[in-house]
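run.txt (compact mmCIF, C-alpha atoms and all ligand atoms) appears below.
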```txt
# COMPACT_ATOMS: atom_id res chain seq x y z
CA MET A 1 -55.45 98.95 149.09
CA LYS A 2 -53.21 95.99 148.33
CA VAL A 3 -50.17 96.65 146.10
CA GLN A 4 -51.60 94.24 143.53
CA ASN A 5 -54.88 96.16 143.33
CA LEU A 6 -53.06 99.47 143.18
CA LEU A 7 -51.03 98.22 140.23
CA LEU A 8 -54.23 97.11 138.48
CA VAL A 9 -55.54 100.68 138.75
CA LEU A 10 -52.31 102.47 137.90
CA LEU A 11 -51.18 100.34 134.98
CA PRO A 12 -54.02 101.23 132.54
CA CYS A 13 -53.65 104.91 133.52
CA ALA A 14 -49.91 104.79 132.80
CA LEU A 15 -50.58 103.11 129.43
CA ILE A 16 -53.15 105.75 128.42
CA LEU A 17 -50.85 108.57 129.54
CA GLY A 18 -47.98 107.01 127.58
CA LEU A 19 -50.19 106.79 124.48
CA ARG A 20 -51.25 110.44 124.74
CA LEU A 21 -47.65 111.60 125.28
CA HIS A 22 -46.52 109.54 122.29
CA GLU A 23 -49.20 111.18 120.14
CA ARG A 24 -48.37 114.66 121.36
CA TRP A 25 -44.62 114.46 120.89
CA PHE A 26 -43.83 111.79 118.32
CA CYS A 27 -46.80 111.02 116.08
CA SER A 28 -46.85 112.83 112.75
CA ASP A 29 -49.83 110.92 111.29
CA LEU A 30 -53.31 112.24 110.64
CA ARG A 31 -55.95 109.80 111.87
CA ILE A 32 -59.67 109.76 111.26
CA LEU A 33 -61.83 107.33 113.17
CA PHE A 34 -65.37 106.88 111.90
CA PHE A 35 -67.28 105.51 114.88
CA ASP A 36 -69.97 102.89 114.56
CA VAL A 37 -72.87 104.93 115.94
CA GLY A 38 -75.71 103.11 114.20
CA GLN A 39 -77.89 105.39 112.05
CA GLY A 40 -75.92 108.63 112.49
CA ASP A 41 -72.50 110.21 112.02
CA ALA A 42 -69.54 110.69 114.35
CA ALA A 43 -65.83 110.83 113.57
CA LEU A 44 -62.73 111.72 115.56
CA VAL A 45 -59.92 113.50 113.73
CA THR A 46 -56.54 113.32 115.48
CA LEU A 47 -53.98 115.71 114.03
CA PRO A 48 -50.22 115.29 113.98
CA GLY A 49 -49.16 116.21 117.52
CA GLY A 50 -52.37 114.90 119.08
CA SER A 51 -54.87 117.79 118.73
CA THR A 52 -58.41 116.48 118.36
CA LEU A 53 -61.55 117.43 116.45
CA LEU A 54 -64.83 115.58 116.83
CA VAL A 55 -67.08 115.79 113.76
CA ASP A 56 -70.70 115.14 114.84
CA SER A 57 -71.75 112.92 117.72
CA GLY A 58 -74.33 110.34 116.65
CA GLY A 59 -77.89 110.34 117.92
CA GLY A 60 -79.88 108.50 120.52
CA THR A 61 -83.33 108.39 122.07
CA ARG A 62 -84.85 110.08 125.11
CA HIS A 63 -83.42 107.31 127.29
CA TRP A 64 -80.21 106.44 125.54
CA ASN A 65 -77.52 108.71 124.15
CA MET A 66 -74.77 107.78 121.70
CA GLY A 67 -72.47 110.51 123.04
CA LYS A 68 -72.65 109.01 126.50
CA ALA A 69 -72.84 105.32 125.57
CA VAL A 70 -70.22 105.13 122.83
CA LEU A 71 -68.21 108.33 122.32
CA PHE A 72 -67.55 109.09 125.99
CA LYS A 73 -66.30 105.52 126.53
CA GLU A 74 -64.09 105.58 123.44
CA LEU A 75 -62.62 109.00 124.14
CA THR A 76 -61.79 108.24 127.78
CA ARG A 77 -60.32 104.89 126.73
CA LYS A 78 -57.96 106.89 124.52
CA GLY A 79 -57.19 109.26 127.40
CA ILE A 80 -59.04 112.17 125.76
CA LEU A 81 -60.88 114.25 128.36
CA ARG A 82 -60.64 117.50 126.47
CA LEU A 83 -61.23 118.00 122.74
CA ASP A 84 -59.67 120.91 120.88
CA ALA A 85 -62.76 121.40 118.73
CA ILE A 86 -66.18 120.00 118.00
CA LEU A 87 -67.70 120.42 114.54
CA MET A 88 -71.50 120.34 114.44
CA THR A 89 -72.41 119.92 110.79
CA HIS A 90 -76.18 120.47 111.19
CA PRO A 91 -78.83 120.12 113.89
CA ASP A 92 -80.40 116.75 112.93
CA ALA A 93 -80.66 114.46 115.96
CA ASP A 94 -78.58 111.64 114.41
CA HIS A 95 -75.62 114.05 114.24
CA ALA A 96 -76.13 116.42 117.16
CA ARG A 97 -78.00 114.67 119.96
CA GLY A 98 -74.88 112.88 121.19
CA PHE A 99 -73.11 116.17 122.03
CA LEU A 100 -75.25 116.75 125.09
CA GLY A 101 -74.54 113.23 126.37
CA LEU A 102 -70.86 113.90 125.85
CA ALA A 103 -71.05 117.17 127.77
CA GLU A 104 -72.85 115.35 130.61
CA GLY A 105 -69.85 113.01 130.73
CA HIS A 106 -67.73 116.15 131.32
CA ILE A 107 -65.72 115.93 128.13
CA GLU A 108 -64.59 119.53 127.58
CA THR A 109 -63.89 121.32 124.34
CA ARG A 110 -62.05 124.52 123.50
CA GLU A 111 -64.10 125.47 120.43
CA LEU A 112 -67.48 124.74 118.89
CA TRP A 113 -67.57 124.98 115.11
CA TYR A 114 -71.01 125.10 113.53
CA SER A 115 -72.94 125.80 110.36
CA SER A 116 -75.55 128.49 109.74
CA ALA A 117 -78.17 125.72 110.05
CA PHE A 118 -77.74 126.12 113.84
CA GLN A 119 -78.98 129.72 113.92
CA ASN A 120 -81.31 130.11 116.91
CA ASP A 121 -80.98 126.39 117.74
CA LYS A 122 -81.52 125.66 121.43
CA ARG A 123 -79.14 122.70 121.36
CA LEU A 124 -76.26 124.99 120.39
CA SER A 125 -76.95 127.48 123.18
CA ASP A 126 -77.27 124.58 125.68
CA LEU A 127 -73.93 123.22 124.57
CA PHE A 128 -72.26 126.63 124.88
CA LEU A 129 -73.59 126.89 128.41
CA ARG A 130 -72.37 123.43 129.38
CA THR A 131 -68.94 123.53 127.74
CA GLN A 132 -68.05 127.23 128.20
CA SER A 133 -66.24 127.02 124.86
CA ARG A 134 -65.48 129.55 122.13
CA GLY A 135 -67.75 129.58 119.07
CA ARG A 136 -66.65 129.52 115.44
CA PRO A 137 -69.54 129.87 112.98
CA PHE A 138 -68.96 129.07 109.30
CA SER A 139 -71.14 130.81 106.75
CA LYS A 140 -68.71 131.04 103.82
CA ILE A 141 -65.92 128.97 102.25
CA THR A 142 -62.89 129.23 104.53
CA GLY A 143 -59.45 127.61 104.40
CA TRP A 144 -56.75 127.35 107.06
CA ASN A 145 -53.83 125.22 108.21
CA TRP A 146 -53.84 123.45 111.57
CA LYS A 147 -50.80 121.41 112.65
CA GLY A 148 -49.71 120.88 109.04
CA VAL A 149 -53.15 119.76 107.85
CA GLU A 150 -54.99 121.94 105.31
CA PHE A 151 -58.64 122.49 106.24
CA LYS A 152 -61.39 123.79 104.00
CA ALA A 153 -64.85 124.48 105.42
CA LEU A 154 -67.52 124.23 102.71
CA PRO A 155 -70.92 125.49 103.85
CA PRO A 156 -73.24 125.08 100.84
CA GLN A 157 -74.52 128.49 99.74
CA VAL A 158 -78.13 127.42 99.28
CA SER A 159 -81.20 129.14 100.66
CA THR A 160 -83.42 126.35 101.85
CA PRO A 161 -85.13 125.57 105.14
CA LYS A 162 -83.94 121.94 104.72
CA THR A 163 -81.07 121.55 107.15
CA ASN A 164 -79.48 118.66 105.23
CA ASN A 165 -78.50 120.94 102.38
CA ARG A 166 -77.12 123.51 104.82
CA SER A 167 -74.81 120.94 106.44
CA LEU A 168 -71.24 122.08 106.82
CA ALA A 169 -68.94 119.98 104.62
CA LEU A 170 -65.24 119.79 105.48
CA GLY A 171 -62.18 118.95 103.41
CA LEU A 172 -58.83 117.88 104.87
CA ALA A 173 -55.54 117.53 102.99
CA TYR A 174 -52.33 116.01 104.35
CA GLY A 175 -49.33 114.41 102.66
CA GLY A 176 -51.10 114.86 99.30
CA CYS A 177 -54.13 112.84 100.52
CA ARG A 178 -57.57 114.47 100.51
CA ILE A 179 -60.51 113.50 102.69
CA LEU A 180 -63.96 115.01 102.32
CA PHE A 181 -66.74 114.95 104.92
CA THR A 182 -70.14 115.73 103.43
CA ALA A 183 -72.43 115.34 106.46
CA ASP A 184 -76.00 115.02 105.11
CA ILE A 185 -75.80 117.22 102.02
CA GLU A 186 -78.04 116.17 99.17
CA GLU A 187 -78.06 117.02 95.48
CA ASP A 188 -78.51 120.81 95.90
CA GLY A 189 -75.77 121.00 98.51
CA GLU A 190 -73.45 118.90 96.35
CA LYS A 191 -74.06 121.23 93.39
CA ALA A 192 -73.26 124.22 95.60
CA ILE A 193 -69.88 122.95 96.86
CA ALA A 194 -68.71 121.10 93.71
CA PRO A 195 -67.24 124.25 92.04
CA PHE A 196 -64.93 124.67 95.05
CA LEU A 197 -63.51 121.15 94.81
CA HIS A 198 -60.58 121.38 92.43
CA SER A 199 -59.02 117.93 92.85
CA PRO A 200 -60.30 114.38 93.25
CA VAL A 201 -60.51 113.04 96.80
CA HIS A 202 -58.98 109.88 98.21
CA VAL A 203 -61.62 109.34 100.90
CA LEU A 204 -65.24 110.45 100.77
CA LYS A 205 -67.47 110.28 103.85
CA VAL A 206 -70.60 109.65 101.82
CA GLY A 207 -73.40 112.18 102.27
CA HIS A 208 -76.63 111.41 104.16
CA HIS A 209 -75.75 107.80 105.07
CA GLY A 210 -75.89 106.69 101.43
CA SER A 211 -79.36 108.08 100.69
CA LYS A 212 -80.31 108.06 97.00
CA THR A 213 -80.71 111.87 97.17
CA SER A 214 -76.93 112.27 97.66
CA THR A 215 -73.72 111.12 95.95
CA THR A 216 -74.98 112.02 92.49
CA THR A 217 -73.08 111.11 89.34
CA HIS A 218 -72.31 114.83 88.89
CA PHE A 219 -70.72 114.95 92.35
CA LEU A 220 -68.80 111.72 91.81
CA ASN A 221 -67.48 113.06 88.52
CA ARG A 222 -66.08 115.97 90.50
CA THR A 223 -64.74 114.06 93.51
CA ARG A 224 -63.78 110.64 92.04
CA PRO A 225 -63.20 109.03 95.46
CA GLN A 226 -60.93 106.00 95.75
CA LEU A 227 -62.45 104.95 99.06
CA ALA A 228 -65.89 105.71 100.47
CA VAL A 229 -67.07 105.45 104.07
CA ILE A 230 -70.80 105.11 104.70
CA SER A 231 -72.06 105.61 108.25
CA SER A 232 -75.41 103.85 108.61
CA GLY A 233 -77.26 101.65 111.07
CA LYS A 234 -77.77 97.89 110.68
CA LYS A 235 -81.13 97.21 108.98
CA ASN A 236 -82.12 100.88 109.39
CA ARG A 237 -85.68 101.84 108.51
CA TYR A 238 -84.59 104.25 105.74
CA GLY A 239 -82.94 101.55 103.66
CA HIS A 240 -79.59 103.39 103.76
CA PRO A 241 -77.35 103.00 101.91
CA HIS A 242 -79.51 102.89 98.79
CA SER A 243 -78.56 100.32 96.15
CA SER A 244 -78.36 103.08 93.49
CA VAL A 245 -75.65 104.87 95.51
CA LEU A 246 -73.65 101.66 95.93
CA LYS A 247 -73.96 101.11 92.17
CA ARG A 248 -72.84 104.66 91.35
CA LEU A 249 -69.80 104.33 93.63
CA SER A 250 -68.92 100.96 92.09
CA LEU A 251 -69.12 102.44 88.59
CA PHE A 252 -66.45 104.93 89.67
CA GLY A 253 -64.29 102.06 90.99
CA THR A 254 -64.63 103.27 94.59
CA ASP A 255 -63.98 100.81 97.44
CA ILE A 256 -66.86 101.02 99.89
CA PHE A 257 -66.67 100.59 103.67
CA ARG A 258 -69.78 100.68 105.84
CA THR A 259 -70.04 101.05 109.58
CA ASP A 260 -73.07 98.69 109.58
CA PHE A 261 -70.90 95.93 108.07
CA HIS A 262 -67.33 96.82 109.00
CA GLY A 263 -67.92 98.43 112.42
CA PHE A 264 -65.60 101.38 113.04
CA VAL A 265 -63.43 102.46 110.11
CA GLU A 266 -60.11 104.21 110.74
CA ILE A 267 -58.04 106.06 108.14
CA THR A 268 -54.39 106.85 108.87
CA VAL A 269 -52.41 109.22 106.63
CA THR A 270 -48.65 109.54 107.01
CA LYS A 271 -46.72 112.73 106.34
CA ASP A 272 -45.26 111.22 103.15
CA GLY A 273 -48.69 110.41 101.76
CA ARG A 274 -49.35 106.76 102.56
CA LEU A 275 -52.94 106.07 103.48
CA PHE A 276 -54.09 103.02 105.45
CA CYS A 277 -57.61 101.84 106.19
CA ASP A 278 -58.45 99.64 109.17
CA SER A 279 -61.80 98.53 110.50
CA PHE A 280 -63.31 96.41 113.24
CA GLU A 281 -63.45 93.63 110.67
CA GLY A 282 -59.74 94.01 109.83
CA LYS A 283 -57.58 95.84 107.31
CA CYS A 284 -59.53 97.49 104.51
CA GLY A 285 -56.88 98.72 102.14
CA LYS A 286 -54.03 101.11 101.56
CA LEU A 287 -53.00 103.56 98.88
CA LYS A 288 -50.29 106.06 98.09
CA CYS A 289 -51.21 109.65 97.41
CA SER A 290 -49.08 111.11 94.66
CA ALA A 291 -46.19 113.35 95.76
CA SER A 292 -47.05 115.72 92.89
CA GLU A 293 -50.46 116.24 94.51
CA LYS A 294 -48.95 117.60 97.71
CA LEU A 295 -49.69 121.19 96.81
CA ALA A 296 -53.06 120.53 95.19
CA LEU A 297 -55.60 120.88 97.94
CA PHE A 298 -59.28 121.14 97.22
ZN ZN B 1 -77.93 112.11 109.17
```

Take the structure in the file and give it back as structure tokens.
Amino acid sequence: MKVQNLLLVLLPCALILGLRLHERWFCSDLRILFFDVGQGDAALVTLPGGSTLLVDSGGGTRHWNMGKAVLFKELTRKGILRLDAILMTHPDADHARGFLGLAEGHIETRELWYSSAFQNDKRLSDLFLRTQSRGRPFSKITGWNWKGVEFKALPPQVSTPKTNNRSLALGLAYGGCRILFTADIEEDGEKAIAPFLHSPVHVLKVGHHGSKTSTTTHFLNRTRPQLAVISSGKKNRYGHPHSSVLKRLSLFGTDIFRTDFHGFVEITVTKDGRLFCDSFEGKCGKLKCSASEKLALF
């Protein structure tokens, strides 16, 4: 191989390695990247120090898989070949089908976190087999700290066969900023977790792609988000996000960012509570979380 060609191969590898080392040793930010996975959900959480959590994986068809086509490419481009954890909010295909494509691409993970909606689900046992990872089921409200970020798992305590309302919601707090993932929970699920949310949130990943059955006025009264991210496909057949949801969010003065319009959306939170929003379409805002809120989690 000519020296020139060798350099062309080595240079991107060195850049990726440098980026990963920078994250691991020097970066104290929390970053959340909401991927543009069409009609589905997938987000990568990168903790201070570089540990990674993938929340859902997007969907796909029998012939095409979002995990393989989009997530695998994006993760390897960032130099991530091993995740620290994967959170599977519920078994619906638009959230969970991509995991198998990701496993086929040989992305490894240390832990699989999952909700009770996965009980006896074949996809979960397949994924355990392929990834050889540890399991962490969530069936009750649980809080913990990971690399300086406060986590709160919020499985709605509702007895229903509908998996949407048994989705695992997740709250993160860092530098006084609070971010809430609500997967596909609908009104009943929102009612079940609302009593455990004690402070307004700065960023809400809107439930069920902006369906009219989620993001109720009652829930917005509780969460009062300053910024909302809606993950939905361009011209999707469900009509998500519904105009009534957009109206409700606007009435609460929430800035709305949509993956179908803005492409990917990335939130960066610094240790001292500054929050920045970027998207494929450009910058989408910034805010300062109050220092007095630093101890108020969810
Ligand atoms: Zn969904």

### Query
Would you name the residues within 10 Å of ligand ZN 1 (chain B), counting all atoms listed in the file, and put them as a PyMOL selection string?
chain A and resi 39-42+56+58-59+89-96+164+167+183-185+207-211+231-232

Those same residues - C-alpha atoms - I'd like them written as a PDB file, keeping the file's coordinate frame.
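selection00.pdb, written as the output of this step:
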```
ATOM      1  CA  GLN A  39     -77.890 105.390 112.050  1.00  0.00           C
ATOM      2  CA  GLY A  40     -75.920 108.630 112.490  1.00  0.00           C
ATOM      3  CA  ASP A  41     -72.500 110.210 112.020  1.00  0.00           C
ATOM      4  CA  ALA A  42     -69.540 110.690 114.350  1.00  0.00           C
ATOM      5  CA  ASP A  56     -70.700 115.140 114.840  1.00  0.00           C
ATOM      6  CA  GLY A  58     -74.330 110.340 116.650  1.00  0.00           C
ATOM      7  CA  GLY A  59     -77.890 110.340 117.920  1.00  0.00           C
ATOM      8  CA  THR A  89     -72.410 119.920 110.790  1.00  0.00           C
ATOM      9  CA  HIS A  90     -76.180 120.470 111.190  1.00  0.00           C
ATOM     10  CA  PRO A  91     -78.830 120.120 113.890  1.00  0.00           C
ATOM     11  CA  ASP A  92     -80.400 116.750 112.930  1.00  0.00           C
ATOM     12  CA  ALA A  93     -80.660 114.460 115.960  1.00  0.00           C
ATOM     13  CA  ASP A  94     -78.580 111.640 114.410  1.00  0.00           C
ATOM     14  CA  HIS A  95     -75.620 114.050 114.240  1.00  0.00           C
ATOM     15  CA  ALA A  96     -76.130 116.420 117.160  1.00  0.00           C
ATOM     16  CA  ASN A 164     -79.480 118.660 105.230  1.00  0.00           C
ATOM     17  CA  SER A 167     -74.810 120.940 106.440  1.00  0.00           C
ATOM     18  CA  ALA A 183     -72.430 115.340 106.460  1.00  0.00           C
ATOM     19  CA  ASP A 184     -76.000 115.020 105.110  1.00  0.00           C
ATOM     20  CA  ILE A 185     -75.800 117.220 102.020  1.00  0.00           C
ATOM     21  CA  GLY A 207     -73.400 112.180 102.270  1.00  0.00           C
ATOM     22  CA  HIS A 208     -76.630 111.410 104.160  1.00  0.00           C
ATOM     23  CA  HIS A 209     -75.750 107.800 105.070  1.00  0.00           C
ATOM     24  CA  GLY A 210     -75.890 106.690 101.430  1.00  0.00           C
ATOM     25  CA  SER A 211     -79.360 108.080 100.690  1.00  0.00           C
ATOM     26  CA  SER A 231     -72.060 105.610 108.250  1.00  0.00           C
ATOM     27  CA  SER A 232     -75.410 103.850 108.610  1.00  0.00           C
TER      28      SER A 232
END
```

Contact table stretch 160-253 of chain A vs stretch 257-271 of chain A, cut-off 10 Å, shortest pair per residue, all atoms listed in the file, as a Markdown table:
```
| residue | atom | partner | partner_atom | distance |
| --- | --- | --- | --- | --- |
| A:Ala173 | CA | A:Val269 | CA | 9.6 |
| A:Tyr174 | CA | A:Lys271 | CA | 6.8 |
| A:Gly175 | CA | A:Lys271 | CA | 4.8 |
| A:Gly176 | CA | A:Lys271 | CA | 8.6 |
| A:Cys177 | CA | A:Val269 | CA | 7.3 |
| A:Arg178 | CA | A:Val269 | CA | 9.6 |
| A:Ile179 | CA | A:Ile267 | CA | 9.5 |
| A:Val203 | CA | A:Ile267 | CA | 8.7 |
| A:Lys205 | CA | A:Phe257 | CA | 9.7 |
| A:Val206 | CA | A:Arg258 | CA | 9.9 |
| A:His209 | CA | A:Arg258 | CA | 9.3 |
| A:Gly210 | CA | A:Arg258 | CA | 9.6 |
| A:Leu227 | CA | A:Phe257 | CA | 7.6 |
| A:Ala228 | CA | A:Phe257 | CA | 6.1 |
| A:Val229 | CA | A:Phe257 | CA | 4.9 |
| A:Ile230 | CA | A:Arg258 | CA | 4.7 |
| A:Ser231 | CA | A:Thr259 | CA | 5.2 |
| A:Ser232 | CA | A:Asp260 | CA | 5.7 |
| A:Gly233 | CA | A:Asp260 | CA | 5.3 |
| A:Lys234 | CA | A:Asp260 | CA | 4.9 |
| A:Lys235 | CA | A:Asp260 | CA | 8.2 |
| A:Asn236 | CA | A:Asp260 | CA | 9.3 |
| A:His240 | CA | A:Asp260 | CA | 9.9 |
| A:Pro241 | CA | A:Arg258 | CA | 8.8 |
```

Output file for the residues above (C-alpha atoms, as a tab-separated table (two decimals), keeping the file's coordinate frame):
```tsv
chain	number	residue	atom	x	y	z
A	173	ALA	CA	-55.54	117.53	102.99
A	174	TYR	CA	-52.33	116.01	104.35
A	175	GLY	CA	-49.33	114.41	102.66
A	176	GLY	CA	-51.10	114.86	99.30
A	177	CYS	CA	-54.13	112.84	100.52
A	178	ARG	CA	-57.57	114.47	100.51
A	179	ILE	CA	-60.51	113.50	102.69
A	203	VAL	CA	-61.62	109.34	100.90
A	205	LYS	CA	-67.47	110.28	103.85
A	206	VAL	CA	-70.60	109.65	101.82
A	209	HIS	CA	-75.75	107.80	105.07
A	210	GLY	CA	-75.89	106.69	101.43
A	227	LEU	CA	-62.45	104.95	99.06
A	228	ALA	CA	-65.89	105.71	100.47
A	229	VAL	CA	-67.07	105.45	104.07
A	230	ILE	CA	-70.80	105.11	104.70
A	231	SER	CA	-72.06	105.61	108.25
A	232	SER	CA	-75.41	103.85	108.61
A	233	GLY	CA	-77.26	101.65	111.07
A	234	LYS	CA	-77.77	97.89	110.68
A	235	LYS	CA	-81.13	97.21	108.98
A	236	ASN	CA	-82.12	100.88	109.39
A	240	HIS	CA	-79.59	103.39	103.76
A	241	PRO	CA	-77.35	103.00	101.91
```

### Query
With all atoms listed in the file as the basis for distance, which of A:Leu197, A:Lys212, A:His218, A:Asp255 is at the shortest distance from A:Gly239?
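Comparing A:Leu197, A:Lys212, A:His218, A:Asp255 against A:Gly239, the winner is A:Lys212.
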
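Distance-wise, atom CA of A:Thr215 and atom CA of A:Val245 end up 6.6 Å apart.
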
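Distance annotation: of A:Arg31, A:His198, A:Val55, A:Pro48, the residue with the minimal separation from A:Lys147 is A:Pro48; atom set is all atoms listed in the file.
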
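Of the residues under consideration (A:Phe219, A:Phe118, A:Trp113, A:Phe72), A:Phe72 shows the shortest atom-to-atom contact distance to A:Leu100 when counting only C-alpha atoms.
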
### Query
Quick one, how far is atom CA of A:Leu129 from atom CA of A:Glu108?
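According to the coordinates, atom CA of A:Leu129 and atom CA of A:Glu108 are separated by 11.7 Å.
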
### Message
Please report the interatomic distance between atom CA of A:Trp146 and atom CA of A:Lys286 in Å with one decimal.
### Response
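Between these atoms lies a distance of 24.5 Å.
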
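Considering all atoms listed in the file, the residue among A:Ser125, A:Leu87, A:Leu249, A:Gln132 positioned nearest to A:His106 is A:Gln132.
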
### Task
Please identify all polymer residues within 12 Å of A:Leu251, counting all atoms listed in the file, omitting same-chain residues fewer than 3 positions from it, and present them as a PyMOL selection string.
chain A and resi 216-217+220-221+224-226+244-248+254-256

Every residue with an atom at most 7 Å from (-58.5, 122.4, 103.6) (file coordinates; only C-alpha atoms) is what I'm after, so could you write them as an mmCIF file with C-alpha atoms, in the coordinates of the input?
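In the end it all went to part_3.cif:
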```
data_model
loop_
_atom_site.group_PDB
_atom_site.id
_atom_site.type_symbol
_atom_site.label_atom_id
_atom_site.label_comp_id
_atom_site.auth_asym_id
_atom_site.auth_seq_id
_atom_site.Cartn_x
_atom_site.Cartn_y
_atom_site.Cartn_z
ATOM 1 C CA GLY A 143 -59.450 127.610 104.400
ATOM 2 C CA TRP A 144 -56.750 127.350 107.060
ATOM 3 C CA GLU A 150 -54.990 121.940 105.310
ATOM 4 C CA PHE A 151 -58.640 122.490 106.240
ATOM 5 C CA LYS A 152 -61.390 123.790 104.000
ATOM 6 C CA ALA A 153 -64.850 124.480 105.420
ATOM 7 C CA GLY A 171 -62.180 118.950 103.410
ATOM 8 C CA LEU A 172 -58.830 117.880 104.870
ATOM 9 C CA ALA A 173 -55.540 117.530 102.990
ATOM 10 C CA LEU A 297 -55.600 120.880 97.940
ATOM 11 C CA PHE A 298 -59.280 121.140 97.220
#
```

Give me the residues within 10 Å of A:Ile141 as a compact mmCIF listing (two decimals) with C-alpha atoms, in the coordinates of the input, counting only C-alpha atoms and dropping any in the same chain fewer than 5 places off.
```txt
# COMPACT_ATOMS: atom_id res chain seq x y z
CA LYS A 152 -61.39 123.79 104.00
CA ALA A 153 -64.85 124.48 105.42
CA LEU A 154 -67.52 124.23 102.71
CA PRO A 155 -70.92 125.49 103.85
CA PRO A 156 -73.24 125.08 100.84
CA GLN A 157 -74.52 128.49 99.74
CA LEU A 168 -71.24 122.08 106.82
CA ALA A 169 -68.94 119.98 104.62
CA LEU A 170 -65.24 119.79 105.48
CA ILE A 193 -69.88 122.95 96.86
CA PHE A 196 -64.93 124.67 95.05
```

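Using all atoms listed in the file, the shortest contact distance between A:Arg82 and any of A:Leu204, A:Ile107, A:Ala192, A:Leu54 is found at A:Ile107.
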
### Task
Find, counting only C-alpha atoms, the residue in A:Ser115, A:Ser214, A:Thr182, A:Ser57 that gets nearest to A:Arg136.
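Under the stated criterion, the closest residue is A:Ser115.
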
With the input short on atoms, add all heavy atoms back to stretch 226-231 of chain A and write it as a short mmCIF file (atom, residue, chain, number, x, y, z; two decimals), in the frame of the given file.
```cif
data_model
loop_
_atom_site.label_atom_id
_atom_site.label_comp_id
_atom_site.auth_asym_id
_atom_site.auth_seq_id
_atom_site.Cartn_x
_atom_site.Cartn_y
_atom_site.Cartn_z
N GLN A 226 -61.50 107.35 95.86
CA GLN A 226 -60.93 106.00 95.75
C GLN A 226 -61.52 105.10 96.82
O GLN A 226 -61.61 103.90 96.65
CB GLN A 226 -59.41 106.08 95.89
CG GLN A 226 -58.80 106.88 94.74
CD GLN A 226 -57.29 106.74 94.69
OE1 GLN A 226 -56.73 105.73 95.07
NE2 GLN A 226 -56.65 107.78 94.22
N LEU A 227 -61.91 105.72 97.92
CA LEU A 227 -62.45 104.95 99.06
C LEU A 227 -63.62 105.74 99.65
O LEU A 227 -63.54 106.95 99.79
CB LEU A 227 -61.30 104.86 100.04
CG LEU A 227 -61.26 103.85 101.14
CD1 LEU A 227 -59.80 103.56 101.48
CD2 LEU A 227 -61.95 104.40 102.34
N ALA A 228 -64.71 105.03 99.91
CA ALA A 228 -65.89 105.71 100.47
C ALA A 228 -66.24 105.09 101.81
O ALA A 228 -66.18 103.87 101.97
CB ALA A 228 -67.07 105.57 99.52
N VAL A 229 -66.60 105.94 102.77
CA VAL A 229 -67.07 105.45 104.07
C VAL A 229 -68.53 105.84 104.21
O VAL A 229 -68.89 107.02 104.04
CB VAL A 229 -66.25 106.05 105.25
CG1 VAL A 229 -66.79 105.54 106.58
CG2 VAL A 229 -64.77 105.71 105.09
N ILE A 230 -69.36 104.84 104.49
CA ILE A 230 -70.80 105.11 104.70
C ILE A 230 -71.13 104.80 106.15
O ILE A 230 -70.88 103.70 106.64
CB ILE A 230 -71.67 104.23 103.77
CG1 ILE A 230 -71.32 104.51 102.30
CG2 ILE A 230 -73.16 104.49 104.02
CD1 ILE A 230 -72.06 103.65 101.30
N SER A 231 -71.68 105.80 106.84
CA SER A 231 -72.06 105.61 108.25
C SER A 231 -73.57 105.40 108.31
O SER A 231 -74.36 106.31 108.09
CB SER A 231 -71.67 106.86 109.04
OG SER A 231 -71.82 106.63 110.41
#
```
